[in-house]
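The block underneath contains the structure these notes are about, expressed in structure tokens.
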Amino acid sequence: MLSVVNRVLLGLVGLVLTAAGAVVLAGWPPFDGRADVLLSRADRMRWRDAGWWWPVVIGGLAVLFVLSLCWFLVQLRRRRLQEVLVETGDGEGALLRGRALEAALLSDAESLDGVERAHVLLRGRRTTPEARMGLALDARADPLSTLDAVRADALERARTSAGLDRLPAEVRLRVARHGAERAR
């Protein structure tokens, strides 16, 4: 969802900036002379009597700045856990690539009975990872037994192999789309 919002916002900002640049470069009104400015002295003085104008402009620009700053900070946040710290017992540690642990969880989840497709994402810190799993179940699968199998098999195997004390997980189940069965 975040990538869609990013693309739409970047597209809109790009279009507005491109249009503004084309207006300035082409010399169309209001920028049709060399001495033209964005706000002339007359434009600035026209709103001086309205006491609400400049506070609204400054407040709007401040809100725009804060929203832009929040959007920028969200972009810096990593979506995926890059590595997991595995305790080796000798006071040191080993780094396990997050994608490798995701692939192992994915393979284990997809091998379970009743699971057609799976999606796995690791988040959190490298010492305390959290798994987010999405499972598309077969129409005849039992959700409770599938969830128990994910917890007992896939998550437990990943937790013990990575040497983690705990591996919290959010598992979302849905039924995979399938065509109608026809009797012949």
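Each chain in the structure tokens gets a letter, A, B, ..., in the order shown, and its residues are numbered from 1; ligands are numbered from 1 in order too.
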So that each row is one residue of stretch 38-134 of chain A with an atom at most 9 Å from stretch 149-169 of chain A, can you give its shortest atom pair and the distance in Å to one decimal, using only C-alpha atoms, rows by chain and rising number, as a tab-separated table?
```
residue	atom	partner	partner_atom	distance
A:Val84	CA	A:Ala162	CA	7.9
A:Leu85	CA	A:Ala162	CA	8.1
A:Val86	CA	A:Ala162	CA	5.7
A:Glu87	CA	A:Gly163	CA	6.2
A:Thr88	CA	A:Gly163	CA	8.0
A:Leu96	CA	A:Ala162	CA	7.7
A:Leu101	CA	A:Ala158	CA	7.1
A:Ala104	CA	A:Ala158	CA	7.3
A:Leu105	CA	A:Ala154	CA	5.9
A:Leu106	CA	A:Ala154	CA	8.4
A:Ser107	CA	A:Ala154	CA	8.6
A:Asp108	CA	A:Ala154	CA	5.2
A:Ala109	CA	A:Ala154	CA	6.0
A:Leu112	CA	A:Ala149	CA	7.3
A:Asp113	CA	A:Ala149	CA	8.9
A:Thr127	CA	A:Leu164	CA	8.1
A:Thr128	CA	A:Leu167	CA	7.4
A:Pro129	CA	A:Leu167	CA	6.5
A:Glu130	CA	A:Pro168	CA	5.2
A:Ala131	CA	A:Ala169	CA	4.5
A:Arg132	CA	A:Ala169	CA	5.6
A:Met133	CA	A:Ala169	CA	7.2
```
| Residues of chain A in helix (DSSP H, G or I), written as a ChimeraX atom specification | /A:2-26,41-46,53-76,98-110,143-161
| request: Could you give me the residues within stretch 29-101 of chain A that DSSP places in strand (DSSP E), as a list of chain:residue names? | output: A:Glu83, A:Val84, A:Leu85, A:Val86, A:Glu87, A:Gly93, A:Ala94, A:Leu95, A:Leu96, A:Arg97
Restricted to all heavy atoms, what would the selected residues look like written as a short mmCIF file (atom, residue, chain, number, x, y, z; two decimals), in the first residue's frame?
```cif
data_model
loop_
_atom_site.label_atom_id
_atom_site.label_comp_id
_atom_site.auth_asym_id
_atom_site.auth_seq_id
_atom_site.Cartn_x
_atom_site.Cartn_y
_atom_site.Cartn_z
N GLU A 83 18.98 -8.73 8.52
CA GLU A 83 19.76 -9.79 9.13
C GLU A 83 19.25 -10.09 10.53
O GLU A 83 18.65 -9.24 11.19
CB GLU A 83 21.24 -9.40 9.17
CG GLU A 83 21.50 -8.08 9.83
CD GLU A 83 22.88 -7.54 9.53
OE1 GLU A 83 23.49 -7.90 8.52
OE2 GLU A 83 23.35 -6.74 10.36
N VAL A 84 19.51 -11.32 10.97
CA VAL A 84 19.11 -11.78 12.30
C VAL A 84 20.37 -12.19 13.03
O VAL A 84 21.22 -12.90 12.48
CB VAL A 84 18.13 -12.98 12.21
CG1 VAL A 84 17.79 -13.52 13.58
CG2 VAL A 84 16.88 -12.58 11.46
N LEU A 85 20.51 -11.73 14.27
CA LEU A 85 21.68 -12.07 15.07
C LEU A 85 21.44 -13.42 15.74
O LEU A 85 20.50 -13.59 16.50
CB LEU A 85 21.93 -10.99 16.13
CG LEU A 85 23.17 -11.18 16.98
CD1 LEU A 85 24.43 -11.15 16.11
CD2 LEU A 85 23.24 -10.10 18.04
N VAL A 86 22.29 -14.39 15.41
CA VAL A 86 22.19 -15.74 15.96
C VAL A 86 23.24 -15.89 17.05
O VAL A 86 24.42 -15.66 16.81
CB VAL A 86 22.40 -16.81 14.86
CG1 VAL A 86 22.36 -18.20 15.44
CG2 VAL A 86 21.38 -16.64 13.76
N GLU A 87 22.80 -16.22 18.25
CA GLU A 87 23.70 -16.43 19.37
C GLU A 87 24.44 -17.73 19.16
O GLU A 87 23.84 -18.79 18.99
CB GLU A 87 22.87 -16.52 20.63
CG GLU A 87 23.20 -15.73 21.86
CD GLU A 87 24.25 -14.67 21.81
OE1 GLU A 87 23.91 -13.55 21.44
OE2 GLU A 87 25.40 -14.96 22.15
N GLY A 93 28.66 -13.81 17.91
CA GLY A 93 27.38 -14.01 17.26
C GLY A 93 27.58 -14.16 15.77
O GLY A 93 28.62 -13.80 15.23
N ALA A 94 26.61 -14.72 15.14
CA ALA A 94 26.64 -14.87 13.69
C ALA A 94 25.44 -14.14 13.11
O ALA A 94 24.41 -14.01 13.77
CB ALA A 94 26.61 -16.35 13.31
N LEU A 95 25.60 -13.66 11.92
CA LEU A 95 24.51 -12.96 11.26
C LEU A 95 23.88 -13.88 10.22
O LEU A 95 24.58 -14.43 9.37
CB LEU A 95 25.00 -11.68 10.60
CG LEU A 95 25.46 -10.59 11.55
CD1 LEU A 95 25.98 -9.39 10.77
CD2 LEU A 95 24.34 -10.16 12.47
N LEU A 96 22.59 -14.03 10.32
CA LEU A 96 21.81 -14.82 9.37
C LEU A 96 21.04 -13.84 8.50
O LEU A 96 20.38 -12.94 9.02
CB LEU A 96 20.84 -15.74 10.12
CG LEU A 96 19.81 -16.51 9.31
CD1 LEU A 96 20.50 -17.50 8.39
CD2 LEU A 96 18.84 -17.21 10.24
N ARG A 97 21.15 -14.00 7.21
CA ARG A 97 20.42 -13.10 6.31
C ARG A 97 18.92 -13.30 6.52
O ARG A 97 18.43 -14.42 6.58
CB ARG A 97 20.80 -13.38 4.87
CG ARG A 97 22.19 -12.87 4.57
CD ARG A 97 22.62 -12.95 3.15
NE ARG A 97 21.57 -13.07 2.16
CZ ARG A 97 21.68 -13.80 1.07
NH1 ARG A 97 22.75 -14.47 0.82
NH2 ARG A 97 20.69 -13.84 0.20
#
```
| message | What does the structure give for the distance between atom CA of A:Gln75 and atom CA of A:Gly11, in Å to one decimal? | response | 15.9 Å
| message | Rounded to one decimal, what separation in Å do you get between atom CA of A:Arg79 and atom CA of A:Arg123? | response |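 Those two atoms sit 6.9 Å apart.
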| said: Which residue is closest to A:Ala136? Choose from A:Leu122, A:Leu173, A:Ser111, A:Asp90 and count only C-alpha atoms. | reply: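 That would be A:Leu173, the residue with the smallest distance to A:Ala136.
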| task | Between atom CA of A:Val16 and atom CA of A:Arg46, measure the distance and give it in Å to one decimal. | result | 26.4 Å
| message | Residues within 12 Å of A:Leu9, please, as a ChimeraX atom specification. Count only C-alpha atoms; anything in the same chain fewer than 4 positions from it doesn't count. | response | /A:2-5,13-16,67-68,71-72
